[in-house]
file work.txt (compact mmCIF, C-alpha atoms)
# COMPACT_ATOMS: atom_id res chain seq x y z
CA MET W 16 0.00 0.00 0.00
CA ALA W 17 2.91 2.35 0.70
CA ASP W 18 5.40 1.03 -1.85
CA ASN W 19 5.65 4.42 -3.59
CA LEU W 20 6.70 6.18 -0.40
CA SER W 21 10.43 6.30 0.26
CA PRO W 22 11.37 6.41 3.98
CA SER W 23 13.94 9.11 3.25
CA THR W 24 11.26 11.47 1.91
CA GLN W 25 8.31 10.54 4.13
CA ARG W 26 6.52 12.84 6.50
CA LEU W 27 4.53 10.87 9.05
CA THR W 28 1.62 12.25 11.05
CA ILE W 29 -0.10 10.19 13.72
CA ARG W 30 -3.51 11.41 14.83
CA ILE W 31 -4.54 10.26 18.30
CA GLY W 32 -8.17 10.97 19.11
CA ARG W 33 -10.16 10.25 22.25
CA GLY W 34 -11.11 6.87 20.83
CA THR W 35 -9.51 6.85 17.39
CA LEU W 36 -6.07 6.32 15.94
CA ALA W 37 -4.83 6.92 12.41
CA MET W 38 -1.60 7.39 10.48
CA LEU W 39 -0.95 9.53 7.42
CA VAL W 40 2.21 9.51 5.33
CA GLN W 41 3.02 11.95 2.57
CA ASN W 42 6.01 12.29 0.32
CA THR W 43 7.63 15.70 0.68
CA GLY W 44 7.53 17.58 -2.61
CA SER W 45 4.81 15.37 -4.14
CA ASP W 46 1.10 14.60 -3.92
CA ASP W 47 1.58 11.03 -2.69
CA ILE W 48 -0.54 10.50 0.41
CA VAL W 49 -1.43 7.28 2.22
CA TYR W 50 -3.93 7.29 5.08
CA GLU W 51 -4.41 4.34 7.41
CA PRO W 52 -7.01 4.35 10.20
CA TYR W 53 -6.42 1.83 12.96
CA VAL W 54 -9.30 -0.03 14.58
CA VAL W 55 -8.98 0.83 18.26
CA ARG W 56 -9.82 -1.91 20.73
CA SER W 57 -12.20 -0.68 23.40
CA GLY W 58 -11.27 -1.42 27.00
CA VAL W 59 -7.57 -1.21 26.15
CA SER W 60 -5.44 1.89 26.71
CA MET W 61 -4.48 4.04 23.76
CA ALA W 62 -0.83 3.30 24.57
CA ALA W 63 -1.49 -0.43 24.19
CA ASN W 64 -3.39 0.17 20.96
CA LEU W 65 -0.53 2.22 19.53
CA ARG W 66 1.98 -0.41 20.61
CA GLU W 67 -0.04 -3.03 18.74
CA ALA W 68 -0.37 -0.73 15.72
CA PHE W 69 3.41 -0.70 15.37
CA LYS W 70 3.22 -4.47 14.92
CA THR W 71 0.29 -4.66 12.50
CA SER W 72 0.20 -1.35 10.61
CA ASP W 73 1.29 -1.14 6.98
CA LEU W 74 2.78 2.32 7.52
CA LEU W 75 4.42 2.35 10.93
CA PRO W 76 7.06 -0.39 10.43
CA GLN W 77 8.68 1.68 7.65
CA ALA W 78 8.11 5.04 9.29
CA PRO W 79 10.78 7.79 9.25
CA PRO W 80 12.64 8.67 12.48
CA ARG W 81 10.53 11.79 13.02
CA ALA W 82 6.79 12.03 13.59
CA ARG W 83 4.20 14.72 14.04
CA VAL W 84 1.54 13.70 16.54
CA LEU W 85 -1.84 15.39 16.34
CA LEU W 86 -3.42 14.88 19.76
CA ASP W 87 -7.06 15.48 20.60
CA SER W 88 -7.23 16.37 24.28
CA ASP W 89 -8.59 19.07 26.58
CA VAL W 90 -6.83 22.37 25.95
CA LEU W 91 -6.35 25.32 28.28
CA MET W 92 -5.82 28.60 26.45
CA VAL W 93 -3.49 31.05 28.20
CA PRO W 94 -2.70 34.59 26.99
CA VAL W 95 0.96 34.62 26.03
CA GLU W 96 1.75 37.47 28.45
CA GLN W 97 0.35 35.41 31.36
CA PHE W 98 1.99 32.10 30.46
CA ASP W 99 4.54 30.66 32.87
CA GLU W 100 6.01 27.26 32.05
CA LYS W 101 6.64 26.57 35.75
CA SER W 102 2.97 26.96 36.66
CA MET W 103 1.33 25.57 33.51
CA ALA W 104 0.72 22.12 35.04
CA ASP W 105 -1.06 23.62 38.04
CA MET W 106 -3.16 25.81 35.76
CA HIS W 107 -4.14 22.86 33.55
CA ASN W 108 -4.92 20.64 36.53
CA HIS W 109 -7.10 23.36 37.99
CA ALA W 110 -9.13 23.59 34.77
CA PHE W 111 -9.40 19.85 34.08
CA PRO W 112 -9.55 16.71 36.26
CA ARG W 113 -6.07 15.79 37.46
CA ASN W 114 -4.57 12.52 36.23
CA GLU W 115 -1.23 11.45 37.66
CA GLN W 116 -0.58 9.40 34.51
CA ASP W 117 -0.55 12.51 32.31
CA ALA W 118 2.27 14.87 31.44
CA ILE W 119 1.62 18.50 30.48
CA TYR W 120 2.77 20.07 27.20
CA TYR W 121 2.16 23.30 25.37
CA ASN W 122 2.09 24.86 21.89
CA VAL W 123 2.77 28.56 21.40
CA LEU W 124 0.49 30.34 18.92
CA PRO W 125 2.38 33.59 18.28
CA ASP W 126 -0.07 34.88 15.66
CA LEU W 127 -2.86 34.60 18.22
CA ASN W 128 -0.86 35.78 21.25
CA ALA W 129 -1.83 32.61 23.09
CA VAL W 130 -0.42 29.36 24.41
CA ALA W 131 -2.34 26.06 24.20
CA VAL W 132 -1.67 23.87 27.26
CA PHE W 133 -2.70 20.21 27.04
CA SER W 134 -1.91 16.79 28.46
CA MET W 135 -0.77 13.41 27.16
CA ASN W 136 -0.69 10.05 28.88
CA LYS W 137 2.87 9.23 29.94
CA ASP W 138 2.69 5.62 28.72
CA LEU W 139 1.47 6.83 25.35
CA ARG W 140 4.38 9.24 25.10
CA LEU W 141 6.78 6.44 26.06
CA VAL W 142 5.54 4.30 23.16
CA LEU W 143 6.21 7.19 20.78
CA ASP W 144 9.66 7.86 22.19
CA ASP W 145 10.53 4.17 21.89
CA HIS W 146 9.93 4.29 18.13
CA PHE W 147 10.95 7.79 17.05
CA GLN W 148 14.04 9.94 17.49
CA ASP W 149 11.96 13.12 17.35
CA VAL W 150 8.29 13.56 18.29
CA ARG W 151 6.49 16.84 17.63
CA LEU W 152 3.24 17.18 19.57
CA ILE W 153 0.46 19.38 18.21
CA THR W 154 -2.95 19.75 19.77
CA ALA W 155 -5.47 18.61 17.16
CA ILE W 156 -7.50 21.81 17.05
CA GLN W 157 -4.45 24.04 16.48
CA PRO W 158 -4.29 23.82 12.64
CA VAL W 159 -8.00 24.67 12.50
CA TRP W 160 -7.60 27.67 14.79
CA ARG W 161 -4.74 29.09 12.81
CA TYR W 162 -6.35 28.59 9.42
CA MET W 163 -9.68 30.04 10.51
CA HIS W 164 -7.86 32.99 12.02
CA GLN W 165 -6.44 33.73 8.57
CA ARG W 166 -9.91 33.40 7.05
CA SER W 167 -11.39 35.73 9.65
CA PHE W 168 -9.75 38.72 7.94
CA THR W 169 -11.74 38.22 4.72
CA GLY W 170 -14.87 40.34 4.45
CA VAL W 171 -16.14 42.90 6.90
CA ARG W 172 -18.62 40.90 8.97
CA TYR W 173 -17.91 39.17 12.28
CA LYS W 174 -17.40 35.40 12.03
CA LEU W 175 -18.07 32.61 14.52
CA TYR W 176 -16.52 29.20 13.81
CA ALA W 177 -17.68 25.74 14.88
CA TYR W 178 -15.67 22.56 14.40
CA PHE W 179 -17.43 19.21 14.95
CA HIS W 180 -15.35 16.11 15.66
CA GLU W 181 -15.73 12.91 17.69
CA LYS W 182 -19.04 14.06 19.25
CA ARG W 183 -17.46 17.33 20.39
CA LEU W 184 -18.02 20.89 19.29
CA GLU W 185 -15.23 23.47 19.31
CA VAL W 186 -16.58 27.03 19.09
CA PHE W 187 -14.25 29.97 18.65
CA SER W 188 -13.92 33.45 17.23
CA PHE W 189 -11.24 36.08 16.88
CA GLN W 190 -10.76 39.78 17.33
CA LEU W 191 -7.72 40.89 15.35
CA ASN W 192 -4.80 38.79 16.69
CA ARG W 193 -6.50 37.29 19.73
CA PHE W 194 -9.23 34.87 20.62
CA LYS W 195 -12.48 36.59 21.49
CA PHE W 196 -14.13 33.29 22.42
CA CYS W 197 -12.90 29.70 22.69
CA ASN W 198 -14.68 26.75 24.29
CA SER W 199 -15.72 23.16 23.65
CA PHE W 200 -18.99 21.33 24.26
CA ASP W 201 -20.47 17.86 24.13
CA ALA W 202 -22.34 17.78 20.82
CA SER W 203 -23.35 14.16 20.35
CA LYS W 204 -26.93 15.28 19.67
CA PRO W 205 -27.89 17.79 16.94
CA LYS W 206 -30.24 19.76 19.22
CA ASP W 207 -27.45 20.20 21.77
CA ALA W 208 -25.16 21.56 19.08
CA VAL W 209 -27.79 24.09 17.98
CA PHE W 210 -28.39 25.16 21.57
CA PHE W 211 -24.70 25.76 22.29
CA LEU W 212 -24.12 27.63 19.03
CA LEU W 213 -27.06 29.96 19.59
CA TYR W 214 -26.02 30.43 23.21
CA VAL W 215 -22.52 31.54 22.16
CA TRP W 216 -23.96 33.68 19.37
CA ASN W 217 -26.18 35.55 21.83
CA THR W 218 -23.42 35.80 24.43
CA LEU W 219 -21.20 37.54 21.88
CA GLN W 220 -24.16 39.76 20.86
CA LEU W 221 -23.75 38.94 17.19
CA GLN W 222 -26.19 40.22 14.58
CA ALA W 223 -28.45 37.56 13.05
CA GLU W 224 -28.89 39.56 9.83
CA TYR W 225 -25.24 40.31 9.07
CA ASP W 226 -22.71 38.23 11.02
CA GLU W 227 -21.59 34.80 9.87
CA LEU W 228 -21.51 31.27 11.33
CA HIS W 229 -19.09 28.85 9.65
CA LEU W 230 -19.42 25.10 10.33
CA MET W 231 -16.85 22.41 9.57
CA GLY W 232 -16.07 18.80 10.32
CA ASP W 233 -18.34 15.83 11.02
CA ILE W 234 -21.65 17.55 11.79
CA PRO W 235 -24.17 15.21 13.49
CA GLY W 236 -27.52 15.42 11.69
CA GLU W 237 -26.05 18.06 9.38
CA ASN W 238 -29.24 18.93 7.50
CA SER W 239 -31.34 19.29 10.64
CA VAL W 240 -28.67 21.36 12.37
CA ILE W 241 -28.39 23.75 9.43
CA ASP W 242 -32.16 24.01 8.95
CA GLU W 243 -32.69 24.85 12.62
CA LEU W 244 -29.85 27.37 12.72
CA LYS W 245 -31.23 29.11 9.65
CA GLN W 246 -34.47 29.74 11.50
CA TYR W 247 -32.52 32.23 13.63
CA LEU W 248 -29.44 33.20 11.60
CA GLN W 249 -29.30 34.37 8.01
CA LYS W 250 -25.66 33.58 7.21
CA VAL W 251 -24.82 29.95 8.00
CA TYR W 252 -22.11 28.30 5.90
CA VAL W 253 -20.61 24.80 5.79
CA ILE W 254 -16.96 24.76 4.79
CA ASN W 255 -16.15 22.34 1.96
CA PRO W 256 -12.51 21.23 2.38
CA ALA W 257 -12.02 20.25 -1.27
CA ALA W 258 -13.13 23.66 -2.51
CA ASP W 259 -11.48 25.55 0.34
CA PHE W 260 -8.13 23.80 -0.11
CA ASN W 261 -8.16 24.02 -3.92
CA GLN W 262 -8.68 20.28 -4.42
CA HIS W 263 -5.61 19.37 -2.36
CA PRO W 264 -4.99 15.59 -2.65
CA VAL W 265 -5.64 15.04 1.07
CA THR W 266 -9.28 16.11 0.61
CA ALA W 267 -9.82 13.22 -1.79
CA VAL W 268 -8.77 10.62 0.79
CA LYS W 269 -11.81 9.15 2.51
CA GLY W 270 -12.12 9.47 6.26
CA VAL W 271 -9.38 12.02 7.00
CA PRO W 272 -10.57 14.34 9.83
CA TYR W 273 -10.79 18.02 9.01
CA ASP W 274 -8.03 19.01 11.46
CA LEU W 275 -5.62 16.58 9.79
CA GLN W 276 -6.67 17.79 6.34
CA THR W 277 -5.95 21.34 7.46
CA LEU W 278 -2.54 20.41 8.88
CA VAL W 279 -1.52 18.71 5.63
CA ALA W 280 -2.98 21.32 3.30
CA ARG W 281 -2.18 24.50 5.23
CA GLY W 282 0.36 23.60 7.90
CA ARG W 283 0.12 24.10 11.65

call {"tool": "encode", "arguments": {"input": "work.txt", "output": "structure tokens"}}
result
Amino acid sequence: MADNLSPSTQRLTIRIGRGTLAMLVQNTGSDDIVYEPYVVRSGVSMAANLREAFKTSDLLPQAPPRARVLLDSDVLMVPVEQFDEKSMADMHNHAFPRNEQDAIYYNVLPDLNAVAVFSMNKDLRLVLDDHFQDVRLITAIQPVWRYMHQRSFTGVRYKLYAYFHEKRLEVFSFQLNRFKFCNSFDASKPKDAVFFLLYVWNTLQLQAEYDELHLMGDIPGENSVIDELKQYLQKVYVINPAADFNQHPVTAVKGVPYDLQTLVARGR
């Protein structure tokens, strides 16, 4: 399946979701892309699943020595001027339930004047370090934030963004080079998603006639969500990755999550 990919020119990205695992390899300087989802065994830790994937995957045994790891986990946003590496673990543990088996990491977002603080299971990190010389951790939502921030400068109307993935809803907006709003919700049911989106819309005092709501990702009950939102808002749009990314080859690969598409097509 990956015979056309030379290890010397491969770029490997591993996406670790809350209950999903997938690998994507692309040849640098070409359009060759191979995507391999891994069937995660329930009741077994993600570290154990990844360890088994190294034995059975078509891609991982011939992987390059470096890997990007896109990790879906709870993220604490900290203004860059208030960030202190020494206290970031305490801040994260205050915001989210403490787990002694987790280590705390961070990504700096200089264009947004913010730092994303997140956690990763220590055993999971050990599996990665056992197989790669260099591991680059990126919180899964980061490529989406940065790309939507660039898009937010087009047009004159205010924009609210909503990213659906793995029964979660990430809602965010920007004001110049900062977040104006950023939060996540449980959105396993379409009506819940509509409620949270309208709640945020009203909290931000957006104008139903002029301001814009942009949806992306795996929207549960997409048609019903859009129809209900359009009862209250006039400008509701669903982002089409193929059109938005100019038919980038990654958008033609079935099953690739939007955050991973964005990372491959637009970078972190």

call {"tool": "residues_near_point", "arguments": {"input": "work.txt", "point": "(-8.8, 22.3, 17.4)", "cutoff": "9 Å", "atoms": "only C-alpha atoms", "output": "count of residues only"}}
result
12

call {"tool": "closest_atom_pairs", "arguments": {"input": "work.txt", "of": "region 32-80 of chain W", "to": "region 132-144 of chain W", "cutoff": "10 Å", "atoms": "all atoms listed in the file", "output": "CSV"}}
result
residue,atom,partner,partner_atom,distance
W:Ser60,CA,W:Leu139,CA,8.6
W:Met61,CA,W:Leu139,CA,6.8
W:Ala62,CA,W:Leu139,CA,4.3
W:Ala63,CA,W:Leu139,CA,7.9
W:Asn64,CA,W:Leu139,CA,9.3
W:Leu65,CA,W:Val142,CA,7.4
W:Arg66,CA,W:Val142,CA,6.4
W:Phe69,CA,W:Val142,CA,9.5

call {"tool": "atom_distance", "arguments": {"input": "work.txt", "atom1": "CA of Ala280 (chain W)", "atom2": "CA of Ile234 (chain W)"}}
result
20.9 Å

call {"tool": "atom_distance", "arguments": {"input": "work.txt", "atom1": "CA of Gln116 (chain W)", "atom2": "CA of Phe147 (chain W)"}}
result
21.0 Å

call {"tool": "closest_residue", "arguments": {"input": "work.txt", "among": "W:Phe98, W:Trp216, W:Phe260, W:Tyr120", "to": "Tyr162 (chain W)", "atoms": "all atoms listed in the file"}}
result
W:Phe260

call {"tool": "closest_residue", "arguments": {"input": "work.txt", "among": "W:Lys195, W:Arg166, W:Arg56, W:Lys204", "to": "Glu181 (chain W)", "atoms": "all atoms listed in the file"}}
result
W:Lys204

call {"tool": "atom_distance", "arguments": {"input": "work.txt", "atom1": "CA of Ala68 (chain W)", "atom2": "CA of Ser199 (chain W)"}}
result
29.5 Å

call {"tool": "closest_residue", "arguments": {"input": "work.txt", "among": "W:Ala177, W:Ile153, W:Val93, W:Leu124", "to": "Leu275 (chain W)", "atoms": "all atoms listed in the file"}}
result
W:Ile153

call {"tool": "residues_near_point", "arguments": {"input": "work.txt", "point": "(-4.4, 41.2, 22.5)", "cutoff": "7 Å", "atoms": "all atoms listed in the file", "output": "list in words"}}
result
Asn128, Asn192 and Arg193 of chain W

call {"tool": "residues_around", "arguments": {"input": "work.txt", "residues": "Met38 (chain W)", "least_positions_apart": "3", "cutoff": "7 Å", "atoms": "only C-alpha atoms", "output": "list in words"}}
result
Thr28, Ile29, Arg30, Tyr50, Glu51 and Pro52 of chain W

call {"tool": "closest_residue", "arguments": {"input": "work.txt", "among": "W:Met92, W:Ala82, W:Leu191, W:Leu213", "to": "Ala129 (chain W)", "atoms": "only C-alpha atoms"}}
result
W:Met92

call {"tool": "closest_residue", "arguments": {"input": "work.txt", "among": "W:Gln165, W:Asn238, W:Gln220, W:Ser203", "to": "Phe179 (chain W)", "atoms": "only C-alpha atoms"}}
result
W:Ser203

call {"tool": "closest_residue", "arguments": {"input": "work.txt", "among": "W:Lys182, W:His109, W:Ala257, W:Gly34", "to": "Gly58 (chain W)", "atoms": "only C-alpha atoms"}}
result
W:Gly34
